[in-house]
Amino acid sequence: MSTPIYCAIGDIHGELERLKDLHAQVLDYAGQTFPGQPLQVIHLGDLIDRGPASCGVIDYLMEFEAQVSPRPITLRGNHEQMMIDAAGSSDKDSAEWRVWLINGGQETLESYVGQPKPVMKRHLTWLRTLPTLHEAQEAGLVFVHAGVDPDRFPACGEKVHMWTRRREFLDPRCWTAPRLKRQRVVHGHTPTRDSFPESVAGGRRLNIDTGAVYGGRLTAALLRAGEPDLFFHT
């Protein structure tokens with residue numbers, strides 16, 4: 001099999017229609033421009049919260065995974081983890097519930113209104129299975145929601161993958177982990193200031209959280225070895 005093209009999609013936050021539009025753009029472009037070449041789609045986490053259709057996003061992604069080849073990879077972000085933690089607490093006055101609700105969980109709960117109870121249970125089961133990092137060593141790419149430990153990679157831990165905004169990670173000149181020397185890190189979690197992707201140090205760190213839920217863009221990056229990155233927006 002030929003080396004895949006990688007398509008990373010930034011923080012979705014319940015924006016179902018924009019996600020569908022972005023998938024359509026990327027799949028159409030790749031099919032016409034690189035016929036027969038595998039396209040590996042990777043969603044970088046924060047699928048839910050704040051936006052209007054978190055339940056619909058999860059349903060759609062579960063179906064999308066089953067229909068597309070190679071099988072898409074979906075990462076778990078901090079918002080998925082907050083939902084999982086809240087669901088694990090039987091006390092809805094607990095800190096886990098309060099933290100989730102004030103960070104967009106209320107909108108997510110509203111998106112489940114009218115759905116049978118087993119739907120959320122099925123979604124939570126799926127969310128718990130999601131990895132927090134995907135490394136494509138042959139392509140020199142690391143995909144993660146928030147970031148990695150620039151000194152200890154790959155021995156970072158899930159909490160770092162989902163939450164970090166450490167200054168040393170944001171500046172690739174500070175990366176000391178030997179495994180990162182030949183890798184590019186593609187992530188979301190921290191909305192860019194201008195709603196465009198942020199490429200740092202010649203693209204060694206690429207942030208594609210372009211603030212879709214804040215009136216910005218939902219962004220996909222098409223990554224090919226030795227070629228300029230291509231971006232799609234909606």
# chains A, B, ... in the order shown; residues from 1 in each chain; ligands from 1
call {"tool": "residues_around", "arguments": {"residues": "segment 173-181 of chain A", "least_positions_apart": "4", "cutoff": "7 Å", "atoms": "only C-alpha atoms", "output": "list in words"}}
result
Pro150, Asp151, Arg152, Phe153, Glu168 and Phe169 of chain A
call {"tool": "closest_residue", "arguments": {"among": "A:Leu16, A:Ala53, A:Ile9, A:Val26", "to": "Leu109 of chain A", "atoms": "only C-alpha atoms"}}
result
A:Ala53
call {"tool": "closest_atom_pairs", "arguments": {"of": "segment 125-156 of chain A", "to": "segment 61-76 of chain A", "cutoff": "7 Å", "atoms": "only C-alpha atoms", "output": "JSON lines"}}
result
{"residue": "A:Leu127", "atom": "CA", "partner": "A:Arg76", "partner_atom": "CA", "distance": 6.9}
{"residue": "A:Leu130", "atom": "CA", "partner": "A:Arg76", "partner_atom": "CA", "distance": 5.3}
{"residue": "A:Pro131", "atom": "CA", "partner": "A:Leu75", "partner_atom": "CA", "distance": 5.2}
{"residue": "A:Thr132", "atom": "CA", "partner": "A:Leu75", "partner_atom": "CA", "distance": 5.1}
{"residue": "A:Leu133", "atom": "CA", "partner": "A:Leu75", "partner_atom": "CA", "distance": 6.5}
{"residue": "A:His145", "atom": "CA", "partner": "A:Leu75", "partner_atom": "CA", "distance": 6.9}
call {"tool": "residues_around", "arguments": {"residues": "Arg224 of chain A", "least_positions_apart": "6", "cutoff": "10 Å", "atoms": "only C-alpha atoms", "output": "ChimeraX atom specification"}}
result
/A:3-7,139,230
call {"tool": "residues_around", "arguments": {"residues": "segment 219-223 of chain A", "least_positions_apart": "5", "cutoff": "10 Å", "atoms": "only C-alpha atoms", "output": "VMD selection string"}}
result
chain A and resid 4 to 12 18 to 19 22 to 23 25 to 26 30 39 to 43 139 141 186 195 to 197 206 to 212 228 to 234
call {"tool": "residues_around", "arguments": {"residues": "Lys159 of chain A", "least_positions_apart": "6", "cutoff": "10 Å", "atoms": "only C-alpha atoms", "output": "VMD selection string"}}
result
chain A and resid 77 to 78 81 132 146 to 148
call {"tool": "write_last_selection", "arguments": {"atoms": "all heavy atoms", "output": "short mmCIF file (atom, residue, chain, number, x, y, z; two decimals), in the first residue's frame"}}
result
data_model
loop_
_atom_site.label_atom_id
_atom_site.label_comp_id
_atom_site.auth_asym_id
_atom_site.auth_seq_id
_atom_site.Cartn_x
_atom_site.Cartn_y
_atom_site.Cartn_z
N GLY A 77 -10.27 14.43 23.46
CA GLY A 77 -9.80 15.71 23.97
C GLY A 77 -10.26 15.94 25.40
O GLY A 77 -10.96 15.11 25.99
N ASN A 78 -9.91 17.08 25.95
CA ASN A 78 -10.26 17.37 27.34
C ASN A 78 -11.77 17.50 27.53
O ASN A 78 -12.30 17.18 28.61
CB ASN A 78 -9.54 18.62 27.85
CG ASN A 78 -9.89 19.87 27.08
OD1 ASN A 78 -9.68 19.93 25.86
ND2 ASN A 78 -10.39 20.89 27.76
N GLN A 81 -13.15 14.11 27.91
CA GLN A 81 -12.78 13.60 29.23
C GLN A 81 -13.64 14.21 30.32
O GLN A 81 -14.02 13.52 31.29
CB GLN A 81 -11.30 13.86 29.52
CG GLN A 81 -10.78 13.14 30.76
CD GLN A 81 -10.90 11.64 30.63
OE1 GLN A 81 -10.48 11.06 29.62
NE2 GLN A 81 -11.48 10.99 31.63
N THR A 132 -5.52 9.16 22.95
CA THR A 132 -5.23 10.59 23.11
C THR A 132 -4.07 11.06 22.24
O THR A 132 -3.78 12.25 22.21
CB THR A 132 -4.91 10.92 24.59
OG1 THR A 132 -3.80 10.11 25.02
CG2 THR A 132 -6.13 10.66 25.47
N ALA A 146 -4.01 18.41 22.62
CA ALA A 146 -3.44 19.63 23.17
C ALA A 146 -1.94 19.76 22.94
O ALA A 146 -1.44 20.82 22.59
CB ALA A 146 -3.73 19.72 24.67
N GLY A 147 -1.20 18.67 23.17
CA GLY A 147 0.25 18.74 23.01
C GLY A 147 0.94 17.58 23.70
O GLY A 147 0.29 16.64 24.17
N VAL A 148 2.25 17.67 23.76
CA VAL A 148 3.06 16.62 24.36
C VAL A 148 4.06 17.25 25.33
O VAL A 148 4.24 18.47 25.33
CB VAL A 148 3.82 15.81 23.29
CG1 VAL A 148 2.85 15.13 22.33
CG2 VAL A 148 4.81 16.69 22.52
#
call {"tool": "residues_around", "arguments": {"residues": "Ile48 of chain A", "least_positions_apart": "2", "cutoff": "6 Å", "atoms": "only C-alpha atoms", "output": "PDB file with C-alpha atoms, in the first residue's frame"}}
result
ATOM      1  CA  HIS A  13     -17.266  21.435  19.391  1.00  0.00           C
ATOM      2  CA  GLY A  14     -20.678  20.265  18.258  1.00  0.00           C
ATOM      3  CA  ASP A  46     -12.957  18.273  21.413  1.00  0.00           C
ATOM      4  CA  SER A  54     -22.674  17.379  20.119  1.00  0.00           C
TER       5      SER A  54
END
call {"tool": "select_by_dssp", "arguments": {"residues": "segment 4-110 of chain A", "states": "strand (DSSP E or B)", "output": "number ranges by chain"}}
result
A: 5-9, 39-43, 73-74
call {"tool": "closest_residue", "arguments": {"among": "A:Arg128, A:Arg217, A:His123, A:His134", "to": "Thr192 of chain A", "atoms": "only C-alpha atoms"}}
result
A:Arg217
call {"tool": "atom_distance", "arguments": {"atom1": "atom CA of Val144 of chain A", "atom2": "atom CA of Gly45 of chain A"}}
result
8.0 Å
call {"tool": "select_by_dssp", "arguments": {"residues": "segment 41-174 of chain A", "states": "helix (DSSP H, G or I)", "output": "PyMOL selection string"}}
result
chain A and resi 54-67+78-87+95-111+117-129+137-139+158-163+167-170+172-174
call {"tool": "closest_residue", "arguments": {"among": "A:Glu110, A:Glu158, A:Glu80, A:Glu198", "to": "Leu47 of chain A", "atoms": "only C-alpha atoms"}}
result
A:Glu80
call {"tool": "residues_around", "arguments": {"residues": "Arg184 of chain A", "least_positions_apart": "6", "cutoff": "10 Å", "atoms": "only C-alpha atoms", "output": "NGL selection string"}}
result
:A and (135-137 or 139-143 or 172 or 201-206)
call {"tool": "closest_residue", "arguments": {"among": "A:Gly104, A:Met162, A:Ile58, A:Arg122", "to": "Thr190 of chain A", "atoms": "only C-alpha atoms"}}
result
A:Met162
call {"tool": "closest_residue", "arguments": {"among": "A:Leu44, A:Leu101, A:Val119, A:Phe34", "to": "Asp59 of chain A", "atoms": "only C-alpha atoms"}}
result
A:Val119
